[in-house]
file target-v2.tsv (TSV, N, CA and C atoms)
chain	number	residue	atom	x	y	z
Y	12	GLN	N	-13.29	3.70	-20.61
Y	12	GLN	CA	-14.59	3.21	-20.17
Y	12	GLN	C	-15.03	4.00	-18.94
Y	13	VAL	N	-16.14	4.67	-19.03
Y	13	VAL	CA	-16.66	5.45	-17.91
Y	13	VAL	C	-17.43	4.53	-16.97
Y	14	GLN	N	-17.16	4.66	-15.69
Y	14	GLN	CA	-17.89	3.90	-14.68
Y	14	GLN	C	-18.34	4.81	-13.55
Y	15	LEU	N	-19.51	4.50	-13.00
Y	15	LEU	CA	-20.05	5.24	-11.87
Y	15	LEU	C	-20.09	4.28	-10.69
Y	16	VAL	N	-19.43	4.66	-9.60
Y	16	VAL	CA	-19.36	3.80	-8.43
Y	16	VAL	C	-20.02	4.50	-7.25
Y	17	GLU	N	-21.11	3.90	-6.78
Y	17	GLU	CA	-21.88	4.48	-5.68
Y	17	GLU	C	-21.47	3.87	-4.35
Y	18	SER	N	-21.68	4.63	-3.30
Y	18	SER	CA	-21.46	4.14	-1.96
Y	18	SER	C	-22.32	4.95	-0.99
Y	19	GLY	N	-22.50	4.40	0.22
Y	19	GLY	CA	-23.17	5.14	1.27
Y	19	GLY	C	-24.57	4.69	1.62
Y	20	GLY	N	-25.11	3.73	0.90
Y	20	GLY	CA	-26.44	3.25	1.24
Y	20	GLY	C	-26.42	2.43	2.53
Y	21	GLY	N	-27.60	2.05	3.00
Y	21	GLY	CA	-27.68	1.24	4.20
Y	21	GLY	C	-29.05	1.30	4.83
Y	22	LEU	N	-29.07	0.85	6.08
Y	22	LEU	CA	-30.31	0.80	6.86
Y	22	LEU	C	-30.27	1.90	7.90
Y	23	VAL	N	-31.36	2.66	8.00
Y	23	VAL	CA	-31.43	3.75	8.96
Y	23	VAL	C	-32.85	3.86	9.48
Y	24	GLN	N	-33.00	4.34	10.69
Y	24	GLN	CA	-34.33	4.55	11.24
Y	24	GLN	C	-34.95	5.82	10.68
Y	25	ALA	N	-36.26	5.87	10.69
Y	25	ALA	CA	-36.96	7.07	10.25
Y	25	ALA	C	-36.48	8.28	11.05
Y	26	GLY	N	-36.27	9.38	10.33
Y	26	GLY	CA	-35.75	10.58	10.96
Y	26	GLY	C	-34.23	10.69	10.89
Y	27	GLY	N	-33.59	9.61	10.50
Y	27	GLY	CA	-32.14	9.60	10.41
Y	27	GLY	C	-31.61	10.17	9.12
Y	28	SER	N	-30.30	10.05	8.95
Y	28	SER	CA	-29.62	10.63	7.78
Y	28	SER	C	-28.68	9.63	7.15
Y	29	LEU	N	-28.49	9.79	5.86
Y	29	LEU	CA	-27.48	9.04	5.11
Y	29	LEU	C	-26.89	9.97	4.06
Y	30	ARG	N	-25.66	9.66	3.66
Y	30	ARG	CA	-25.02	10.41	2.59
Y	30	ARG	C	-24.54	9.44	1.52
Y	31	LEU	N	-25.04	9.63	0.32
Y	31	LEU	CA	-24.63	8.82	-0.81
Y	31	LEU	C	-23.53	9.54	-1.60
Y	32	SER	N	-22.61	8.76	-2.13
Y	32	SER	CA	-21.56	9.31	-2.98
Y	32	SER	C	-21.53	8.54	-4.29
Y	33	CYS	N	-21.14	9.22	-5.34
Y	33	CYS	CA	-21.00	8.58	-6.65
Y	33	CYS	C	-19.77	9.15	-7.33
Y	34	ALA	N	-18.79	8.31	-7.53
Y	34	ALA	CA	-17.55	8.75	-8.17
Y	34	ALA	C	-17.53	8.25	-9.61
Y	35	VAL	N	-17.20	9.14	-10.51
Y	35	VAL	CA	-17.12	8.80	-11.93
Y	35	VAL	C	-15.66	8.59	-12.31
Y	36	SER	N	-15.38	7.42	-12.83
Y	36	SER	CA	-14.03	7.16	-13.31
Y	36	SER	C	-14.02	7.15	-14.83
Y	37	GLY	N	-12.89	7.54	-15.39
Y	37	GLY	CA	-12.81	7.64	-16.84
Y	37	GLY	C	-12.95	9.09	-17.27
Y	38	SER	N	-12.76	9.31	-18.53
Y	38	SER	CA	-12.77	10.66	-19.07
Y	38	SER	C	-14.18	11.06	-19.48
Y	39	ILE	N	-14.63	12.19	-18.95
Y	39	ILE	CA	-15.95	12.68	-19.32
Y	39	ILE	C	-15.87	14.15	-19.69
Y	40	PHE	N	-16.82	14.59	-20.49
Y	40	PHE	CA	-16.90	15.99	-20.87
Y	40	PHE	C	-17.22	16.82	-19.64
Y	41	SER	N	-16.58	17.96	-19.54
Y	41	SER	CA	-16.72	18.76	-18.32
Y	41	SER	C	-18.13	19.31	-18.13
Y	42	ARG	N	-18.85	19.53	-19.23
Y	42	ARG	CA	-20.23	20.00	-19.10
Y	42	ARG	C	-21.15	18.80	-19.07
Y	43	ASN	N	-21.76	18.56	-17.92
Y	43	ASN	CA	-22.62	17.38	-17.77
Y	43	ASN	C	-23.61	17.60	-16.65
Y	44	THR	N	-24.50	16.68	-16.52
Y	44	THR	CA	-25.46	16.68	-15.41
Y	44	THR	C	-25.32	15.36	-14.67
Y	45	MET	N	-25.17	15.46	-13.36
Y	45	MET	CA	-25.12	14.26	-12.53
Y	45	MET	C	-26.28	14.29	-11.57
Y	46	GLY	N	-26.81	13.13	-11.31
Y	46	GLY	CA	-27.99	13.11	-10.45
Y	46	GLY	C	-28.23	11.76	-9.81
Y	47	TRP	N	-29.30	11.73	-9.06
Y	47	TRP	CA	-29.73	10.52	-8.37
Y	47	TRP	C	-31.18	10.22	-8.71
Y	48	TYR	N	-31.41	8.96	-9.01
Y	48	TYR	CA	-32.75	8.44	-9.20
Y	48	TYR	C	-32.96	7.34	-8.18
Y	49	ARG	N	-34.21	6.97	-8.00
Y	49	ARG	CA	-34.50	5.84	-7.11
Y	49	ARG	C	-35.64	5.01	-7.68
Y	50	GLN	N	-35.62	3.75	-7.27
Y	50	GLN	CA	-36.67	2.84	-7.70
Y	50	GLN	C	-37.06	1.95	-6.54
Y	51	ALA	N	-38.30	2.08	-6.13
Y	51	ALA	CA	-38.86	1.24	-5.08
Y	51	ALA	C	-39.50	0.02	-5.71
Y	52	PRO	N	-39.66	-1.07	-4.96
Y	52	PRO	CA	-40.27	-2.28	-5.52
Y	52	PRO	C	-41.64	-2.01	-6.12
Y	53	GLY	N	-41.84	-2.45	-7.35
Y	53	GLY	CA	-43.12	-2.28	-8.00
Y	53	GLY	C	-43.39	-0.89	-8.54
Y	54	LYS	N	-42.40	-0.02	-8.46
Y	54	LYS	CA	-42.59	1.35	-8.94
Y	54	LYS	C	-41.56	1.68	-10.02
Y	55	GLN	N	-41.86	2.73	-10.76
Y	55	GLN	CA	-40.95	3.17	-11.80
Y	55	GLN	C	-39.78	3.95	-11.19
Y	56	ARG	N	-38.68	3.96	-11.90
Y	56	ARG	CA	-37.54	4.75	-11.47
Y	56	ARG	C	-37.92	6.23	-11.59
Y	57	GLU	N	-37.56	7.01	-10.56
Y	57	GLU	CA	-37.92	8.41	-10.55
Y	57	GLU	C	-36.72	9.27	-10.18
Y	58	LEU	N	-36.74	10.50	-10.68
Y	58	LEU	CA	-35.69	11.45	-10.35
Y	58	LEU	C	-35.81	11.86	-8.89
Y	59	VAL	N	-34.68	11.88	-8.21
Y	59	VAL	CA	-34.61	12.42	-6.85
Y	59	VAL	C	-34.04	13.83	-6.89
Y	60	ALA	N	-32.86	13.96	-7.47
Y	60	ALA	CA	-32.20	15.26	-7.56
Y	60	ALA	C	-31.13	15.19	-8.64
Y	61	ALA	N	-30.87	16.33	-9.26
Y	61	ALA	CA	-29.83	16.42	-10.28
Y	61	ALA	C	-29.15	17.77	-10.20
Y	62	MET	N	-27.93	17.80	-10.69
Y	62	MET	CA	-27.15	19.03	-10.63
Y	62	MET	C	-26.25	19.12	-11.85
Y	63	THR	N	-26.30	20.25	-12.53
Y	63	THR	CA	-25.43	20.44	-13.69
Y	63	THR	C	-24.01	20.81	-13.21
Y	64	SER	N	-23.08	20.71	-14.11
Y	64	SER	CA	-21.71	21.09	-13.78
Y	64	SER	C	-21.61	22.59	-13.49
Y	65	GLY	N	-22.62	23.34	-13.92
Y	65	GLY	CA	-22.66	24.77	-13.62
Y	65	GLY	C	-23.35	25.11	-12.32
Y	66	GLY	N	-23.89	24.10	-11.64
Y	66	GLY	CA	-24.46	24.32	-10.33
Y	66	GLY	C	-25.98	24.43	-10.26
Y	67	VAL	N	-26.65	24.25	-11.39
Y	67	VAL	CA	-28.12	24.31	-11.38
Y	67	VAL	C	-28.67	22.99	-10.84
Y	68	THR	N	-29.61	23.10	-9.91
Y	68	THR	CA	-30.17	21.90	-9.27
Y	68	THR	C	-31.64	21.72	-9.60
Y	69	ASN	N	-32.07	20.49	-9.48
Y	69	ASN	CA	-33.47	20.13	-9.67
Y	69	ASN	C	-33.80	19.03	-8.67
Y	70	TYR	N	-34.89	19.22	-7.92
Y	70	TYR	CA	-35.27	18.25	-6.90
Y	70	TYR	C	-36.71	17.77	-7.14
Y	71	SER	N	-36.92	16.54	-6.78
Y	71	SER	CA	-38.28	16.04	-6.71
Y	71	SER	C	-38.99	16.73	-5.56
Y	72	ASP	N	-40.28	17.02	-5.73
Y	72	ASP	CA	-41.03	17.68	-4.67
Y	72	ASP	C	-41.01	16.86	-3.38
Y	73	SER	N	-40.93	15.56	-3.50
Y	73	SER	CA	-41.00	14.70	-2.32
Y	73	SER	C	-39.77	14.79	-1.43
Y	74	VAL	N	-38.68	15.34	-1.95
Y	74	VAL	CA	-37.46	15.40	-1.15
Y	74	VAL	C	-36.99	16.82	-0.87
Y	75	LYS	N	-37.67	17.79	-1.44
Y	75	LYS	CA	-37.27	19.19	-1.23
Y	75	LYS	C	-37.27	19.53	0.25
Y	76	GLY	N	-36.21	20.18	0.69
Y	76	GLY	CA	-36.07	20.56	2.09
Y	76	GLY	C	-35.47	19.48	2.97
Y	77	ARG	N	-35.36	18.27	2.43
Y	77	ARG	CA	-34.78	17.17	3.21
Y	77	ARG	C	-33.47	16.65	2.60
Y	78	PHE	N	-33.40	16.63	1.29
Y	78	PHE	CA	-32.22	16.13	0.59
Y	78	PHE	C	-31.46	17.28	-0.03
Y	79	THR	N	-30.14	17.13	-0.09
Y	79	THR	CA	-29.29	18.13	-0.74
Y	79	THR	C	-28.30	17.44	-1.65
Y	80	ILE	N	-28.28	17.86	-2.91
Y	80	ILE	CA	-27.31	17.34	-3.85
Y	80	ILE	C	-26.15	18.31	-3.96
Y	81	SER	N	-24.96	17.77	-4.07
Y	81	SER	CA	-23.77	18.59	-4.26
Y	81	SER	C	-22.78	17.81	-5.12
Y	82	ARG	N	-21.79	18.50	-5.63
Y	82	ARG	CA	-20.81	17.81	-6.45
Y	82	ARG	C	-19.46	18.48	-6.34
Y	83	ASP	N	-18.43	17.69	-6.57
Y	83	ASP	CA	-17.06	18.17	-6.62
Y	83	ASP	C	-16.58	17.90	-8.05
Y	84	ASN	N	-16.59	18.92	-8.86
Y	84	ASN	CA	-16.25	18.74	-10.27
Y	84	ASN	C	-14.81	18.28	-10.46
Y	85	ALA	N	-13.93	18.72	-9.58
Y	85	ALA	CA	-12.52	18.32	-9.71
Y	85	ALA	C	-12.36	16.81	-9.49
Y	86	LYS	N	-13.24	16.25	-8.68
Y	86	LYS	CA	-13.18	14.82	-8.37
Y	86	LYS	C	-14.20	14.01	-9.16
Y	87	ASN	N	-15.00	14.69	-10.00
Y	87	ASN	CA	-16.07	14.00	-10.73
Y	87	ASN	C	-16.92	13.15	-9.79
Y	88	THR	N	-17.31	13.77	-8.69
Y	88	THR	CA	-18.08	13.06	-7.67
Y	88	THR	C	-19.33	13.87	-7.34
Y	89	VAL	N	-20.43	13.16	-7.18
Y	89	VAL	CA	-21.68	13.79	-6.77
Y	89	VAL	C	-22.14	13.14	-5.48
Y	90	TYR	N	-22.76	13.95	-4.63
Y	90	TYR	CA	-23.20	13.50	-3.31
Y	90	TYR	C	-24.69	13.75	-3.16
Y	91	LEU	N	-25.31	12.98	-2.30
Y	91	LEU	CA	-26.70	13.21	-1.92
Y	91	LEU	C	-26.80	13.08	-0.41
Y	92	GLN	N	-26.98	14.21	0.25
Y	92	GLN	CA	-27.19	14.22	1.69
Y	92	GLN	C	-28.68	14.08	1.95
Y	93	MET	N	-29.05	13.03	2.66
Y	93	MET	CA	-30.46	12.73	2.90
Y	93	MET	C	-30.74	12.85	4.39
Y	94	ASN	N	-31.55	13.81	4.75
Y	94	ASN	CA	-31.93	14.02	6.15
Y	94	ASN	C	-33.42	13.76	6.33
Y	95	SER	N	-33.81	13.61	7.58
Y	95	SER	CA	-35.22	13.39	7.91
Y	95	SER	C	-35.82	12.28	7.04
Y	96	LEU	N	-35.12	11.18	6.96
Y	96	LEU	CA	-35.55	10.09	6.09
Y	96	LEU	C	-36.86	9.49	6.56
Y	97	LYS	N	-37.66	9.07	5.58
Y	97	LYS	CA	-38.96	8.47	5.84
Y	97	LYS	C	-38.97	7.05	5.27
Y	98	PRO	N	-39.85	6.20	5.79
Y	98	PRO	CA	-39.95	4.84	5.23
Y	98	PRO	C	-40.22	4.85	3.71
Y	99	GLU	N	-40.95	5.84	3.24
Y	99	GLU	CA	-41.23	5.90	1.81
Y	99	GLU	C	-40.02	6.30	0.96
Y	100	ASP	N	-38.92	6.64	1.60
Y	100	ASP	CA	-37.67	6.89	0.87
Y	100	ASP	C	-36.93	5.58	0.56
Y	101	THR	N	-37.42	4.49	1.10
Y	101	THR	CA	-36.79	3.19	0.86
Y	101	THR	C	-36.83	2.85	-0.62
Y	102	ALA	N	-35.64	2.56	-1.18
Y	102	ALA	CA	-35.54	2.28	-2.61
Y	102	ALA	C	-34.09	1.95	-2.93
Y	103	VAL	N	-33.88	1.50	-4.14
Y	103	VAL	CA	-32.52	1.43	-4.68
Y	103	VAL	C	-32.24	2.77	-5.34
Y	104	TYR	N	-31.14	3.38	-4.95
Y	104	TYR	CA	-30.76	4.69	-5.47
Y	104	TYR	C	-29.67	4.51	-6.53
Y	105	TYR	N	-29.90	5.14	-7.67
Y	105	TYR	CA	-28.98	5.03	-8.79
Y	105	TYR	C	-28.36	6.38	-9.12
Y	106	CYS	N	-27.08	6.38	-9.32
Y	106	CYS	CA	-26.37	7.55	-9.80
Y	106	CYS	C	-26.51	7.62	-11.32
Y	107	ASN	N	-26.62	8.83	-11.83
Y	107	ASN	CA	-26.83	9.02	-13.27
Y	107	ASN	C	-25.94	10.13	-13.79
Y	108	LEU	N	-25.37	9.89	-14.97
Y	108	LEU	CA	-24.55	10.90	-15.63
Y	108	LEU	C	-25.10	11.13	-17.03
Y	109	VAL	N	-25.32	12.38	-17.37
Y	109	VAL	CA	-25.80	12.74	-18.70
Y	109	VAL	C	-24.86	13.78	-19.30
Y	110	VAL	N	-24.47	13.52	-20.55
Y	110	VAL	CA	-23.65	14.48	-21.30
Y	110	VAL	C	-24.36	14.77	-22.60
Y	111	GLY	N	-24.80	16.01	-22.75
Y	111	GLY	CA	-25.52	16.38	-23.96
Y	111	GLY	C	-26.82	15.62	-24.06
Y	112	SER	N	-27.20	15.29	-25.31
Y	112	SER	CA	-28.46	14.58	-25.53
Y	112	SER	C	-28.25	13.13	-25.94
Y	113	ALA	N	-26.98	12.72	-26.05
Y	113	ALA	CA	-26.74	11.40	-26.62
Y	113	ALA	C	-26.05	10.42	-25.68
Y	114	TYR	N	-25.55	10.88	-24.56
Y	114	TYR	CA	-24.77	9.98	-23.70
Y	114	TYR	C	-25.36	9.96	-22.30
Y	115	GLN	N	-25.60	8.76	-21.79
Y	115	GLN	CA	-26.10	8.58	-20.44
Y	115	GLN	C	-25.48	7.32	-19.85
Y	116	LYS	N	-25.16	7.40	-18.56
Y	116	LYS	CA	-24.56	6.26	-17.87
Y	116	LYS	C	-25.20	6.13	-16.50
Y	117	TRP	N	-25.40	4.86	-16.07
Y	117	TRP	CA	-25.99	4.59	-14.77
Y	117	TRP	C	-24.99	3.86	-13.88
Y	118	GLY	N	-25.11	4.10	-12.59
Y	118	GLY	CA	-24.38	3.31	-11.61
Y	118	GLY	C	-25.11	2.00	-11.35
Y	119	GLN	N	-24.53	1.18	-10.50
Y	119	GLN	CA	-25.10	-0.15	-10.25
Y	119	GLN	C	-26.22	-0.11	-9.23
Y	120	GLY	N	-26.34	0.99	-8.52
Y	120	GLY	CA	-27.40	1.14	-7.53
Y	120	GLY	C	-26.94	0.80	-6.12
Y	121	THR	N	-27.51	1.49	-5.16
Y	121	THR	CA	-27.22	1.23	-3.75
Y	121	THR	C	-28.54	1.25	-2.97
Y	122	GLN	N	-28.71	0.28	-2.11
Y	122	GLN	CA	-29.97	0.13	-1.38
Y	122	GLN	C	-30.03	1.09	-0.19
Y	123	VAL	N	-31.13	1.78	-0.08
Y	123	VAL	CA	-31.42	2.60	1.10
Y	123	VAL	C	-32.71	2.07	1.71
Y	124	THR	N	-32.64	1.69	2.97
Y	124	THR	CA	-33.81	1.16	3.68
Y	124	THR	C	-34.04	2.00	4.92
Y	125	VAL	N	-35.25	2.53	5.03
Y	125	VAL	CA	-35.61	3.35	6.19
Y	125	VAL	C	-36.67	2.60	6.98
Y	126	SER	N	-36.36	2.28	8.21
Y	126	SER	CA	-37.30	1.55	9.05
Y	126	SER	C	-38.15	2.51	9.87
Y	127	SER	N	-39.37	2.09	10.12
Y	127	SER	CA	-40.30	2.97	10.87
Y	127	SER	C	-40.20	2.72	12.37
call {"tool": "encode", "arguments": {"input": "target-v2.tsv", "output": "structure tokens"}}
result
Amino acid sequence: QVQLVESGGGLVQAGGSLRLSCAVSGSIFSRNTMGWYRQAPGKQRELVAAMTSGGVTNYSDSVKGRFTISRDNAKNTVYLQMNSLKPEDTAVYYCNLVVGSAYQKWGQGTQVTVSS
């Protein structure tokens, strides 16, 4: 059974930083894409950043230059370093794992709150 366990959310003032981690337990195919999505109250879930096992990244325009995604393939862990946080970054952040076109798994979500 594959599970995604997130950590690192919390409350931070605007301009501050947080680092999210997502560890995948269980056996997964080595070629995959791991990423972070977020969902603010009343809004749809949106992509924040994603990274393939080969190192290709994709960022939402709203976080480019402020957030950095990285991963440790040996540990099946993906990270999201969030700098220069803004109140509009407040949301529940979800870790996501995609393998091919047929398999997708979500984490339970971690709350990030940025105060002004």
call {"tool": "select_by_dssp", "arguments": {"input": "target-v2.tsv", "residues": "chain Y", "states": "helix (DSSP H, G or I)", "output": "list in words"}}
result
Asn84, Ala85, Lys86, Pro98, Glu99 and Asp100 of chain Y
call {"tool": "residues_around", "arguments": {"input": "target-v2.tsv", "residues": "Ala51 (chain Y)", "least_positions_apart": "3", "cutoff": "7 Å", "atoms": "only C-alpha atoms", "output": "list in words"}}
result
Lys54, Thr101, Ala102 and Val103 of chain Y
call {"tool": "closest_residue", "arguments": {"input": "target-v2.tsv", "among": "Y:Gly19, Y:Gly46, Y:Gly37, Y:Gly66", "to": "Cys106 (chain Y)", "atoms": "only N, CA and C atoms"}}
result
Y:Gly46
call {"tool": "closest_residue", "arguments": {"input": "target-v2.tsv", "among": "Y:Val16, Y:Ala34, Y:Ala113, Y:Met45", "to": "Ala61 (chain Y)", "atoms": "only C-alpha atoms"}}
result
Y:Met45
call {"tool": "select_by_dssp", "arguments": {"input": "target-v2.tsv", "residues": "chain Y", "states": "strand (DSSP E or B)", "output": "NGL selection string"}}
result
:Y and (14-18 or 21-24 or 29-36 or 44-50 or 57-63 or 68-70 or 78-83 or 88-93 or 102-110 or 114-117 or 121-126)
call {"tool": "atom_distance", "arguments": {"input": "target-v2.tsv", "atom1": "CA of Asn107 (chain Y)", "atom2": "CA of Gln92 (chain Y)"}}
result
15.8 Å
call {"tool": "atom_distance", "arguments": {"input": "target-v2.tsv", "atom1": "CA of Val59 (chain Y)", "atom2": "CA of Ser18 (chain Y)"}}
result
16.3 Å
call {"tool": "closest_residue", "arguments": {"input": "target-v2.tsv", "among": "Y:Ser71, Y:Thr44, Y:Gln14, Y:Ser95", "to": "Gly27 (chain Y)", "atoms": "only N, CA and C atoms"}}
result
Y:Ser95
call {"tool": "closest_residue", "arguments": {"input": "target-v2.tsv", "among": "Y:Asn69, Y:Val109, Y:Gln50, Y:Lys75", "to": "Val35 (chain Y)", "atoms": "only C-alpha atoms"}}
result
Y:Val109
call {"tool": "residues_around", "arguments": {"input": "target-v2.tsv", "residues": "Cys33 (chain Y)", "least_positions_apart": "5", "cutoff": "5 Å", "atoms": "all atoms listed in the file", "output": "PyMOL selection string"}}
result
chain Y and resi 16-17+88-89
call {"tool": "closest_residue", "arguments": {"input": "target-v2.tsv", "among": "Y:Gly65, Y:Gly111, Y:Pro52, Y:Gly26", "to": "Ser127 (chain Y)", "atoms": "all atoms listed in the file"}}
result
Y:Gly26
call {"tool": "closest_residue", "arguments": {"input": "target-v2.tsv", "among": "Y:Thr63, Y:Asn94, Y:Ser73, Y:Thr79", "to": "Val110 (chain Y)", "atoms": "only C-alpha atoms"}}
result
Y:Thr63
call {"tool": "atom_distance", "arguments": {"input": "target-v2.tsv", "atom1": "atom C of Arg30 (chain Y)", "atom2": "CA of Leu15 (chain Y)"}}
result
14.7 Å
call {"tool": "residues_near_point", "arguments": {"input": "target-v2.tsv", "point": "(-35.0, 0.3, 5.3)", "cutoff": "7 Å", "atoms": "only N, CA and C atoms", "output": "list in words"}}
result
Gly21, Leu22, Val23, Pro98, Thr101, Ala102, Val123, Thr124, Val125, Ser126 and Ser127 of chain Y
call {"tool": "write_last_selection", "arguments": {"input": "target-v2.tsv", "atoms": "N, CA and C atoms", "output": "PDB file, in the frame of the given file"}}
result
ATOM      1  N   GLY Y  21     -27.600   2.050   3.000  1.00  0.00           N
ATOM      2  CA  GLY Y  21     -27.680   1.240   4.200  1.00  0.00           C
ATOM      3  C   GLY Y  21     -29.050   1.300   4.830  1.00  0.00           C
ATOM      4  N   LEU Y  22     -29.070   0.850   6.080  1.00  0.00           N
ATOM      5  CA  LEU Y  22     -30.310   0.800   6.860  1.00  0.00           C
ATOM      6  C   LEU Y  22     -30.270   1.900   7.900  1.00  0.00           C
ATOM      7  N   VAL Y  23     -31.360   2.660   8.000  1.00  0.00           N
ATOM      8  CA  VAL Y  23     -31.430   3.750   8.960  1.00  0.00           C
ATOM      9  C   VAL Y  23     -32.850   3.860   9.480  1.00  0.00           C
ATOM     10  N   PRO Y  98     -39.850   6.200   5.790  1.00  0.00           N
ATOM     11  CA  PRO Y  98     -39.950   4.840   5.230  1.00  0.00           C
ATOM     12  C   PRO Y  98     -40.220   4.850   3.710  1.00  0.00           C
ATOM     13  N   THR Y 101     -37.420   4.490   1.100  1.00  0.00           N
ATOM     14  CA  THR Y 101     -36.790   3.190   0.860  1.00  0.00           C
ATOM     15  C   THR Y 101     -36.830   2.850  -0.620  1.00  0.00           C
ATOM     16  N   ALA Y 102     -35.640   2.560  -1.180  1.00  0.00           N
ATOM     17  CA  ALA Y 102     -35.540   2.280  -2.610  1.00  0.00           C
ATOM     18  C   ALA Y 102     -34.090   1.950  -2.930  1.00  0.00           C
ATOM     19  N   VAL Y 123     -31.130   1.780  -0.080  1.00  0.00           N
ATOM     20  CA  VAL Y 123     -31.420   2.600   1.100  1.00  0.00           C
ATOM     21  C   VAL Y 123     -32.710   2.070   1.710  1.00  0.00           C
ATOM     22  N   THR Y 124     -32.640   1.690   2.970  1.00  0.00           N
ATOM     23  CA  THR Y 124     -33.810   1.160   3.680  1.00  0.00           C
ATOM     24  C   THR Y 124     -34.040   2.000   4.920  1.00  0.00           C
ATOM     25  N   VAL Y 125     -35.250   2.530   5.030  1.00  0.00           N
ATOM     26  CA  VAL Y 125     -35.610   3.350   6.190  1.00  0.00           C
ATOM     27  C   VAL Y 125     -36.670   2.600   6.980  1.00  0.00           C
ATOM     28  N   SER Y 126     -36.360   2.280   8.210  1.00  0.00           N
ATOM     29  CA  SER Y 126     -37.300   1.550   9.050  1.00  0.00           C
ATOM     30  C   SER Y 126     -38.150   2.510   9.870  1.00  0.00           C
ATOM     31  N   SER Y 127     -39.370   2.090  10.120  1.00  0.00           N
ATOM     32  CA  SER Y 127     -40.300   2.970  10.870  1.00  0.00           C
ATOM     33  C   SER Y 127     -40.200   2.720  12.370  1.00  0.00           C
TER      34      SER Y 127
END
call {"tool": "residues_around", "arguments": {"input": "target-v2.tsv", "residues": "Ser38 (chain Y)", "least_positions_apart": "2", "cutoff": "6 Å", "atoms": "all atoms listed in the file", "output": "MDAnalysis selection string"}}
result
chainID Y and resid 12:13 36 40
call {"tool": "axis_aligned_box", "arguments": {"input": "target-v2.tsv", "around": "region 88-104 of chain Y", "padding_each_side": "4 Å", "output": "lines of an AutoDock Vina configuration file"}}
result
center_x = -29.3
center_y = 7.8
center_z = -0.4
size_x = 31.9
size_y = 20.8
size_z = 24.6
call {"tool": "residues_around", "arguments": {"input": "target-v2.tsv", "residues": "Tyr105 (chain Y)", "least_positions_apart": "5", "cutoff": "6 Å", "atoms": "only C-alpha atoms", "output": "list in words"}}
result
Trp47, Tyr48, Arg49, Gly118 and Gly120 of chain Y
call {"tool": "build_atoms", "arguments": {"input": "target-v2.tsv", "residues": "region 70-81 of chain Y", "atoms": "N, CA, C and O atoms", "output": "compact mmCIF listing (two decimals), in the coordinates of the input"}}
result
# COMPACT_ATOMS: atom_id res chain seq x y z
N TYR Y 70 -34.89 19.22 -7.92
CA TYR Y 70 -35.27 18.25 -6.90
C TYR Y 70 -36.71 17.77 -7.14
O TYR Y 70 -37.57 18.52 -7.58
N SER Y 71 -36.92 16.54 -6.78
CA SER Y 71 -38.28 16.04 -6.71
C SER Y 71 -38.99 16.73 -5.56
O SER Y 71 -38.39 17.01 -4.52
N ASP Y 72 -40.28 17.02 -5.73
CA ASP Y 72 -41.03 17.68 -4.67
C ASP Y 72 -41.01 16.86 -3.38
O ASP Y 72 -41.06 17.42 -2.28
N SER Y 73 -40.93 15.56 -3.50
CA SER Y 73 -41.00 14.70 -2.32
C SER Y 73 -39.77 14.79 -1.43
O SER Y 73 -39.81 14.36 -0.28
N VAL Y 74 -38.68 15.34 -1.95
CA VAL Y 74 -37.46 15.40 -1.15
C VAL Y 74 -36.99 16.82 -0.87
O VAL Y 74 -36.02 17.03 -0.14
N LYS Y 75 -37.67 17.79 -1.44
CA LYS Y 75 -37.27 19.19 -1.23
C LYS Y 75 -37.27 19.53 0.25
O LYS Y 75 -38.20 19.20 0.98
N GLY Y 76 -36.21 20.18 0.69
CA GLY Y 76 -36.07 20.56 2.09
C GLY Y 76 -35.47 19.48 2.97
O GLY Y 76 -35.11 19.75 4.11
N ARG Y 77 -35.36 18.27 2.43
CA ARG Y 77 -34.78 17.17 3.21
C ARG Y 77 -33.47 16.65 2.60
O ARG Y 77 -32.56 16.25 3.33
N PHE Y 78 -33.40 16.63 1.29
CA PHE Y 78 -32.22 16.13 0.59
C PHE Y 78 -31.46 17.28 -0.03
O PHE Y 78 -32.06 18.26 -0.49
N THR Y 79 -30.14 17.13 -0.09
CA THR Y 79 -29.29 18.13 -0.74
C THR Y 79 -28.30 17.44 -1.65
O THR Y 79 -27.57 16.55 -1.22
N ILE Y 80 -28.28 17.86 -2.91
CA ILE Y 80 -27.31 17.34 -3.85
C ILE Y 80 -26.15 18.31 -3.96
O ILE Y 80 -26.34 19.54 -3.90
N SER Y 81 -24.96 17.77 -4.07
CA SER Y 81 -23.77 18.59 -4.26
C SER Y 81 -22.78 17.81 -5.12
O SER Y 81 -22.95 16.61 -5.32
